[in-house]
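Here's the structure we're looking at; comments come further down.
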Amino acid sequence: MSENKQELQVAALKDGTVIDHIPCDKLFMVVQILGLEDMTNNITIGFNLDSKKLGKKGIIKIANKFFSDDEINRISIVAPHSKLNIIRDYEVIEKREVQMPDVLVGIVKCINPKCITNNEPMKTIFHVVDKDKCVVRCHYCDKEQVRNEIKII
Amino acid sequence: MENRSFVTISGHSKENILYLIEMAKQFEKCTNRNLLQGKIVATLFFEPSTRTRLSFETAANRLGARVIGFTDPKVTSSSKGESLKDTIMMVSNYADVIVMRHYLEGAAKYASEITNTPIVNAGDGAHQHPSQTLLDLYSIWKTQGTLENLNIVLAGDLKYGRTVHSLIMAMRHFNPTFHFIAPKELEMPEEYKLYCHEHHIKYTEHTEFNEKSIADADIIYMTRVQRERFTDLMEYEKMKNIYILRNEMLNCTRPNVRILHPLPRVNEINYDVDDNPKAYYFQQAQNGLYARQAILCDVLGITLNDVINDMKDKS
Ligand SMILES: [Zn+2]
């Protein structure tokens with residue numbers, strides 16, 4: 001029932017993007033990665049909504065915003081199974097799943113305190129070594145980290 | 001623009017490693033050249049390392065280059081909060097090549113991405129020290145006549161010893177068999193054993209260091225067991241006397257075996273080994289000069305042919 005209600009809410013968006021199935025504990029990281037604080041668009045954030053798959057989930061609706069693959073795939077690092085609904089004129093015209101990119105630029109913080117990226121004003125670069133297990137390797141110091149170690153800049 | 005920097009050796013192909021070794025051999029035949037006449041080599045040591053700096057500066061001088069640089073970070077502006085980027089950009093305006101040592105990991109790689117001036121990594125924290133690896137490879141090649149199919153004992157601190165880690169990665173092309181000998185506290189980290197599996201490198205692990213464990217070796221590579229690595233000082237006192245190579249242990253070793261050590265040693269190689277012809281660590285350090293001459297030439301676009309032809313001109 002609540003699923004239905006949410007669909008109604010989704011449908012209420014005229015043009016824009018709905019990001020669905022975000023794990024609750026990662027919702028605010030997704031907000032941060034996408035830089036939503038700095039947007040002037042009309043944004044609705046749903047927290048602790050019921051989900052058959054996740055139990056509880058988060059959802060973000062952004063009016064009049066259509067992400068490029070590069071923009072949206074950045075969130076795969078924290079919310080790899082999120083689903084994207086592209087809305088045009090109240091209709092879902094496209095459904096997409098976020099894809100883990102091969103390289104992450106300026107998103108992840110290196111866990112190695114002696115890494116140059118933690119001591120110099122520069123962007124971090126991480127190579128995704130294992131997309132399923134979400135293992136990433138620092139381009140500079142080669143230190144590897146897994147999903148639950150990952151901190152967002 | 002092609003980036004000719006030398007920041008890591010793990011990515012080098014087999015052909016490229018053998019090419020640099022061949023070039024080092026040419027410099028051993030004839031060390032004093034003018035191949036870098038008119039060039040300026042900057043040596044930026046953000047962390048002091050007299051040994052490595054002298055080796056690089058000698059290499060530059062023997063090639064006819066001039067050397068500028070600093071060795072004490074306290075007298076430079078990086079202690080005033082200047083970023084590495086700004087220092088590198090400034091020196092790029094003056095020098096043809098920058099040799100840098102830094103306490104932060106990945107510093108050399110970053111430097112190589114922000115300037116067109118070639119960067120030579122002279123050590124970046126606990127991460128890489130590729131010129132040391134090249135001189136180790138050259139020393140092995142020179143004493144064994146090949147890099148293929150060798151039995152290599154690595155003994156001492158295998159946990160923190162970056163030279164042994166780089167050596168494993170660089171040797172992956174040559175079908176080696178490694179024998180890791182270390183106390184439990186300092187054993188080879190899991191990630192390097194995994195690396196061996198992935199690259200089909202054979203290895204065995206031991207905690208005992210004695211005549212038997214070195215009997216089949218072609219190379220015995222010793223590293224320092226440092227006191228500061230131990231939480232339990234009693235444990236250190238016990239360990240430091242176990243991982244000592246003594247002359248009498250060499251009686252039953254192969255005639256071709258050579259003992260390597262990145263230096264400085266503390267007490268892991270007894271002084272009675274020094275006169276044994278199997279001791280090679282001082283020559284190894286000297287090989288560093290030829291290896292670094294090869295590195296400096298290579299990053300400046302001077303080829304093996306140039307080096308060979310240069311010698312013909314002289315004779
Ligand atoms: Zn790093």
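Each chain in the structure tokens gets a letter, A, B and so on, in the order shown; residues start at 1 in every chain, and ligands are counted from 1 in the order they appear.
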- Identify all chain A residues at most 6 Å from chain B by counting only C-alpha atoms; ligands do not count. Present them as a ChimeraX atom specification. /A:114-116,140-141
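With only C-alpha atoms taken into account, the protein and nucleic acid residues at most 8 Å from segment 266-280 of chain B (excluding it and anything under 3 positions from it in its own chain) are Met222, Thr223, Arg224, Val225, Lys240, Asn241, Tyr243, Ile244, Leu245, Arg246, Asn247, Pro255, Asn256, Val257, Arg258, Ile259, Leu260, Gln283 and Gln284 of chain B.
Using only C-alpha atoms, the shortest contact distance between Lys123 of chain A and any of A:Val136, A:Ile153, A:Val146, A:Leu34 is found at A:Ile153.
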Counting only C-alpha atoms and all ligand atoms, which residues in chain A sit no more than 10 Å from ligand 1? For each one, give the nearest pair of atoms and the distance in Å, sorted by chain then residue number, as a Markdown table.
```
| residue | atom | partner | partner_atom_place_in_ligand_line | distance |
| --- | --- | --- | --- | --- |
| A:Val108 | CA | ligand 1 | 1 (Zn) | 9.9 |
| A:Lys109 | CA | ligand 1 | 1 (Zn) | 8.0 |
| A:Cys110 | CA | ligand 1 | 1 (Zn) | 4.7 |
| A:Ile111 | CA | ligand 1 | 1 (Zn) | 6.8 |
| A:Asn112 | CA | ligand 1 | 1 (Zn) | 5.6 |
| A:Pro113 | CA | ligand 1 | 1 (Zn) | 7.9 |
| A:Lys114 | CA | ligand 1 | 1 (Zn) | 7.7 |
| A:Cys115 | CA | ligand 1 | 1 (Zn) | 4.4 |
| A:Ile116 | CA | ligand 1 | 1 (Zn) | 6.6 |
| A:Thr117 | CA | ligand 1 | 1 (Zn) | 6.1 |
| A:Asn118 | CA | ligand 1 | 1 (Zn) | 7.6 |
| A:Thr124 | CA | ligand 1 | 1 (Zn) | 7.7 |
| A:Ile125 | CA | ligand 1 | 1 (Zn) | 8.4 |
| A:Phe126 | CA | ligand 1 | 1 (Zn) | 8.4 |
| A:Arg137 | CA | ligand 1 | 1 (Zn) | 7.8 |
| A:Cys138 | CA | ligand 1 | 1 (Zn) | 4.6 |
| A:His139 | CA | ligand 1 | 1 (Zn) | 6.7 |
| A:Tyr140 | CA | ligand 1 | 1 (Zn) | 5.2 |
| A:Cys141 | CA | ligand 1 | 1 (Zn) | 4.2 |
| A:Asp142 | CA | ligand 1 | 1 (Zn) | 6.1 |
| A:Lys143 | CA | ligand 1 | 1 (Zn) | 5.7 |
| A:Glu144 | CA | ligand 1 | 1 (Zn) | 8.3 |
| A:Gln145 | CA | ligand 1 | 1 (Zn) | 9.8 |
```
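For Lys202 of chain B, the residues within 7 Å (counting only C-alpha atoms, excluding itself and residues fewer than 5 positions away along the chain) are Pro176, Thr177, Phe178 and Cys196 of chain B.
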Which neighbours of Ile140 of chain B fall inside 12 Å, counting only C-alpha atoms, when residues of the same chain fewer than 2 positions from it are skipped, and could you give them as a short mmCIF file (atom, residue, chain, number, x, y, z; two decimals) with C-alpha atoms, in the first residue's frame?
```
data_model
loop_
_atom_site.label_atom_id
_atom_site.label_comp_id
_atom_site.auth_asym_id
_atom_site.auth_seq_id
_atom_site.Cartn_x
_atom_site.Cartn_y
_atom_site.Cartn_z
CA ILE B 21 70.07 -3.69 -17.26
CA THR B 133 64.94 -2.49 -7.32
CA LEU B 134 66.75 -1.91 -10.60
CA LEU B 135 70.14 -2.09 -8.92
CA ASP B 136 69.04 -5.28 -7.12
CA LEU B 137 68.02 -6.79 -10.45
CA TYR B 138 71.26 -5.69 -12.05
CA LYS B 142 75.45 -9.76 -13.05
CA THR B 143 76.32 -12.37 -10.44
CA GLN B 144 74.15 -15.18 -11.85
CA GLY B 145 74.45 -14.40 -15.55
CA THR B 146 70.65 -14.51 -15.81
CA LEU B 147 67.47 -13.53 -14.02
CA GLU B 148 65.65 -16.73 -15.02
CA ASN B 149 64.74 -19.66 -12.74
CA LEU B 150 66.59 -18.54 -9.62
CA ASN B 151 66.19 -19.62 -6.01
CA ILE B 152 65.94 -16.46 -3.94
CA LEU B 167 61.78 -7.22 -5.92
CA MET B 171 60.97 -10.73 -10.70
CA PHE B 174 61.59 -14.54 -14.65
CA PRO B 176 61.80 -17.33 -9.63
CA ASP B 218 71.30 -18.58 -5.60
CA ILE B 219 70.62 -15.26 -3.89
CA ILE B 220 70.31 -14.52 -0.17
CA TYR B 221 68.67 -11.12 0.28
CA ASN B 256 77.31 -19.26 -7.08
CA VAL B 257 75.31 -17.88 -4.15
CA ARG B 258 75.65 -14.16 -3.48
CA ILE B 259 74.49 -12.20 -0.45
CA LEU B 260 72.63 -8.96 -1.04
CA HIS B 261 71.52 -6.28 1.40
CA TYR B 280 78.16 -8.93 -2.52
CA TYR B 281 76.47 -6.03 -0.68
CA GLN B 283 79.45 -4.16 -4.94
CA GLN B 284 75.65 -4.06 -4.96
CA ASN B 287 75.95 -1.10 -9.01
#
```
From a DSSP pass on the backbone, collect the residues of segment 58-108 of chain A flagged as strand (DSSP E or B) and hand them back as a compact mmCIF listing (two decimals) with N, CA, C and O atoms, in the first residue's frame.
```
# COMPACT_ATOMS: atom_id res chain seq x y z
N GLY A 58 15.56 4.62 1.06
CA GLY A 58 15.50 6.06 0.84
C GLY A 58 15.16 6.34 -0.61
O GLY A 58 15.37 5.49 -1.48
N ILE A 59 14.62 7.50 -0.85
CA ILE A 59 14.25 7.87 -2.23
C ILE A 59 14.50 9.36 -2.41
O ILE A 59 14.32 10.15 -1.47
N ILE A 60 14.96 9.75 -3.57
CA ILE A 60 15.22 11.17 -3.85
C ILE A 60 14.55 11.54 -5.17
O ILE A 60 14.73 10.83 -6.16
N LYS A 61 13.81 12.61 -5.14
CA LYS A 61 13.18 13.09 -6.37
C LYS A 61 13.70 14.49 -6.65
O LYS A 61 13.64 15.37 -5.79
N ILE A 62 14.18 14.68 -7.85
CA ILE A 62 14.73 15.98 -8.22
C ILE A 62 14.01 16.48 -9.47
O ILE A 62 14.05 15.82 -10.52
N ALA A 63 13.38 17.61 -9.34
CA ALA A 63 12.64 18.16 -10.47
C ALA A 63 13.58 18.79 -11.48
O ALA A 63 14.57 19.43 -11.12
N LYS A 83 18.05 2.48 -8.21
CA LYS A 83 17.40 2.51 -9.53
C LYS A 83 17.01 3.93 -9.87
O LYS A 83 16.62 4.72 -9.01
N LEU A 84 17.11 4.21 -11.16
CA LEU A 84 16.85 5.55 -11.65
C LEU A 84 15.58 5.53 -12.49
O LEU A 84 15.43 4.69 -13.37
N ASN A 85 14.67 6.45 -12.20
CA ASN A 85 13.49 6.62 -13.05
C ASN A 85 13.54 8.00 -13.66
O ASN A 85 13.61 9.01 -12.93
N ILE A 86 13.53 8.06 -14.97
CA ILE A 86 13.56 9.35 -15.66
C ILE A 86 12.11 9.70 -16.02
O ILE A 86 11.42 8.92 -16.68
N ILE A 87 11.68 10.86 -15.55
CA ILE A 87 10.29 11.26 -15.73
C ILE A 87 10.17 12.41 -16.72
O ILE A 87 10.90 13.41 -16.60
N ARG A 88 9.30 12.23 -17.68
CA ARG A 88 8.98 13.33 -18.61
C ARG A 88 7.45 13.43 -18.70
O ARG A 88 6.79 12.45 -19.05
N GLU A 91 5.34 10.84 -16.90
CA GLU A 91 5.52 9.44 -17.30
C GLU A 91 6.96 8.99 -17.05
O GLU A 91 7.90 9.76 -17.30
N VAL A 92 7.10 7.75 -16.58
CA VAL A 92 8.44 7.17 -16.49
C VAL A 92 8.85 6.77 -17.90
O VAL A 92 8.28 5.85 -18.48
N ILE A 93 9.80 7.46 -18.46
CA ILE A 93 10.19 7.14 -19.84
C ILE A 93 11.43 6.25 -19.88
O ILE A 93 11.76 5.67 -20.90
N GLU A 94 12.12 6.16 -18.75
CA GLU A 94 13.31 5.30 -18.76
C GLU A 94 13.60 4.84 -17.35
O GLU A 94 13.49 5.60 -16.40
N LYS A 95 14.00 3.54 -17.23
CA LYS A 95 14.46 3.00 -15.94
C LYS A 95 15.89 2.54 -16.13
O LYS A 95 16.21 1.90 -17.12
N ARG A 96 16.72 2.90 -15.17
CA ARG A 96 18.13 2.53 -15.28
C ARG A 96 18.65 2.08 -13.93
O ARG A 96 18.15 2.54 -12.88
N GLU A 97 19.67 1.23 -13.93
CA GLU A 97 20.37 0.91 -12.68
C GLU A 97 21.71 1.63 -12.72
O GLU A 97 22.31 1.78 -13.79
N VAL A 103 36.77 4.07 -12.94
CA VAL A 103 37.62 5.02 -12.21
C VAL A 103 36.74 5.99 -11.44
O VAL A 103 35.71 6.44 -11.95
N LEU A 104 37.12 6.30 -10.21
CA LEU A 104 36.39 7.26 -9.40
C LEU A 104 37.29 8.46 -9.14
O LEU A 104 38.36 8.33 -8.54
N VAL A 105 36.87 9.61 -9.62
CA VAL A 105 37.70 10.81 -9.48
C VAL A 105 37.06 11.78 -8.48
O VAL A 105 35.91 12.17 -8.65
N VAL A 108 36.24 9.45 -3.40
CA VAL A 108 36.62 8.63 -2.26
C VAL A 108 37.87 9.22 -1.59
O VAL A 108 38.76 9.72 -2.26
```
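In this comparison, which uses only C-alpha atoms, the residue of A:Tyr90, A:Asn73, A:His21, A:Ser68 approaching Lys52 of chain A most closely is A:His21.
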- Any idea what's packed within 12 Å of Met169 of chain B, counting only C-alpha atoms, ignoring anything in its chain fewer than 5 positions away? Could you give it as JSON, numbers by chain? {"B": [8, 9, 10, 11, 12, 13, 14, 17, 128, 130, 133, 134, 137, 162, 163, 164, 174, 175, 176, 178, 191, 192, 193, 194, 195, 196, 197, 198, 199, 200, 201]}
Produce a file of the selected residues containing C-alpha atoms, as a short mmCIF file (atom, residue, chain, number, x, y, z; two decimals), in the first residue's frame.
```cif
data_model
loop_
_atom_site.label_atom_id
_atom_site.label_comp_id
_atom_site.auth_asym_id
_atom_site.auth_seq_id
_atom_site.Cartn_x
_atom_site.Cartn_y
_atom_site.Cartn_z
CA THR B 8 57.61 2.55 -10.28
CA ILE B 9 59.15 -0.64 -11.59
CA SER B 10 56.20 -2.98 -11.13
CA GLY B 11 54.64 -1.80 -14.37
CA HIS B 12 57.79 -2.29 -16.46
CA SER B 13 57.81 -5.04 -19.06
CA LYS B 14 60.39 -7.80 -19.09
CA ILE B 17 63.86 -4.27 -17.46
CA GLN B 128 58.23 2.38 -3.87
CA PRO B 130 62.34 1.64 -7.95
CA THR B 133 64.94 -2.49 -7.32
CA LEU B 134 66.75 -1.91 -10.60
CA LEU B 137 68.02 -6.79 -10.45
CA ARG B 162 59.61 -2.33 0.68
CA THR B 163 62.72 -3.43 -1.23
CA VAL B 164 61.73 -7.09 -0.98
CA PHE B 174 61.59 -14.54 -14.65
CA ASN B 175 60.11 -17.65 -13.03
CA PRO B 176 61.80 -17.33 -9.63
CA PHE B 178 61.20 -17.42 -3.37
CA GLU B 191 48.71 -9.07 -0.27
CA TYR B 192 52.16 -10.05 -1.59
CA LYS B 193 51.48 -13.77 -1.16
CA LEU B 194 48.28 -13.17 -3.09
CA TYR B 195 50.33 -11.37 -5.73
CA CYS B 196 52.56 -14.47 -5.99
CA HIS B 197 49.52 -16.70 -6.48
CA GLU B 198 48.07 -14.43 -9.13
CA HIS B 199 51.35 -14.37 -11.05
CA HIS B 200 52.24 -18.04 -10.52
CA ILE B 201 55.33 -17.23 -8.49
#
```
- List every residue of segment 141-287 of chain B that DSSP, applied to the backbone of this structure, assigns to helix (DSSP H, G or I), and report them as a VMD selection string. chain B and resid 141 to 144 162 to 174 184 to 186 190 to 198 211 to 214 227 to 229 233 to 240 247 to 250 271 to 273 281 to 287
- Query: Can you list, as a PyMOL selection string, every protein, DNA or RNA residue that comes within 9 Å of His206 of chain B when you count only C-alpha atoms, leaving out same-chain residues fewer than 4 positions away?
  - Reply: chain B and resi 179-183+213
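Between atom CA of Phe45 of chain B and atom CA of Lys25 of chain B there is a distance of 27.3 Å.
With only C-alpha atoms taken into account, the protein and nucleic acid residues at most 12 Å from Ala79 of chain A (excluding it and anything under 6 positions from it in its own chain) are Ile19, Asp20, His21, Ile22, Pro23, Cys24, Asp25, Lys26, Leu27, Phe28, Met29, Val30, Val31, Ile33, Leu54, Lys57, Gly58, Ile59, Ile72, Asn73, Glu97, Val98, Gln99, Met100, Cys134, Arg147, Asn148 and Ile150 of chain A.
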Could those residues be written to a file, using C-alpha atoms, as a tab-separated table (two decimals), in the first residue's frame?
```tsv
chain	number	residue	atom	x	y	z
A	19	ILE	CA	16.49	7.77	-7.47
A	20	ASP	CA	14.92	4.77	-5.78
A	21	HIS	CA	16.09	1.86	-3.60
A	22	ILE	CA	18.80	3.75	-1.78
A	23	PRO	CA	19.86	2.02	1.47
A	24	CYS	CA	18.77	4.31	4.33
A	25	ASP	CA	22.18	4.52	5.95
A	26	LYS	CA	23.64	5.69	2.62
A	27	LEU	CA	20.95	8.24	1.75
A	28	PHE	CA	22.81	11.27	3.03
A	29	MET	CA	26.04	10.15	1.41
A	30	VAL	CA	24.18	10.04	-1.90
A	31	VAL	CA	22.87	13.56	-1.22
A	33	ILE	CA	27.97	12.93	-3.62
A	54	LEU	CA	15.52	-3.50	1.56
A	57	LYS	CA	14.77	2.54	1.84
A	58	GLY	CA	15.50	6.06	0.84
A	59	ILE	CA	14.25	7.87	-2.23
A	72	ILE	CA	24.98	9.47	-11.47
A	73	ASN	CA	27.40	6.53	-11.48
A	97	GLU	CA	20.37	0.91	-12.68
A	98	VAL	CA	23.48	2.77	-11.60
A	99	GLN	CA	26.71	1.25	-12.92
A	100	MET	CA	30.00	1.09	-11.09
A	134	CYS	CA	33.46	-3.03	-4.46
A	147	ARG	CA	33.06	-0.81	0.57
A	148	ASN	CA	32.63	-0.55	4.33
A	150	ILE	CA	35.13	3.83	2.04
```
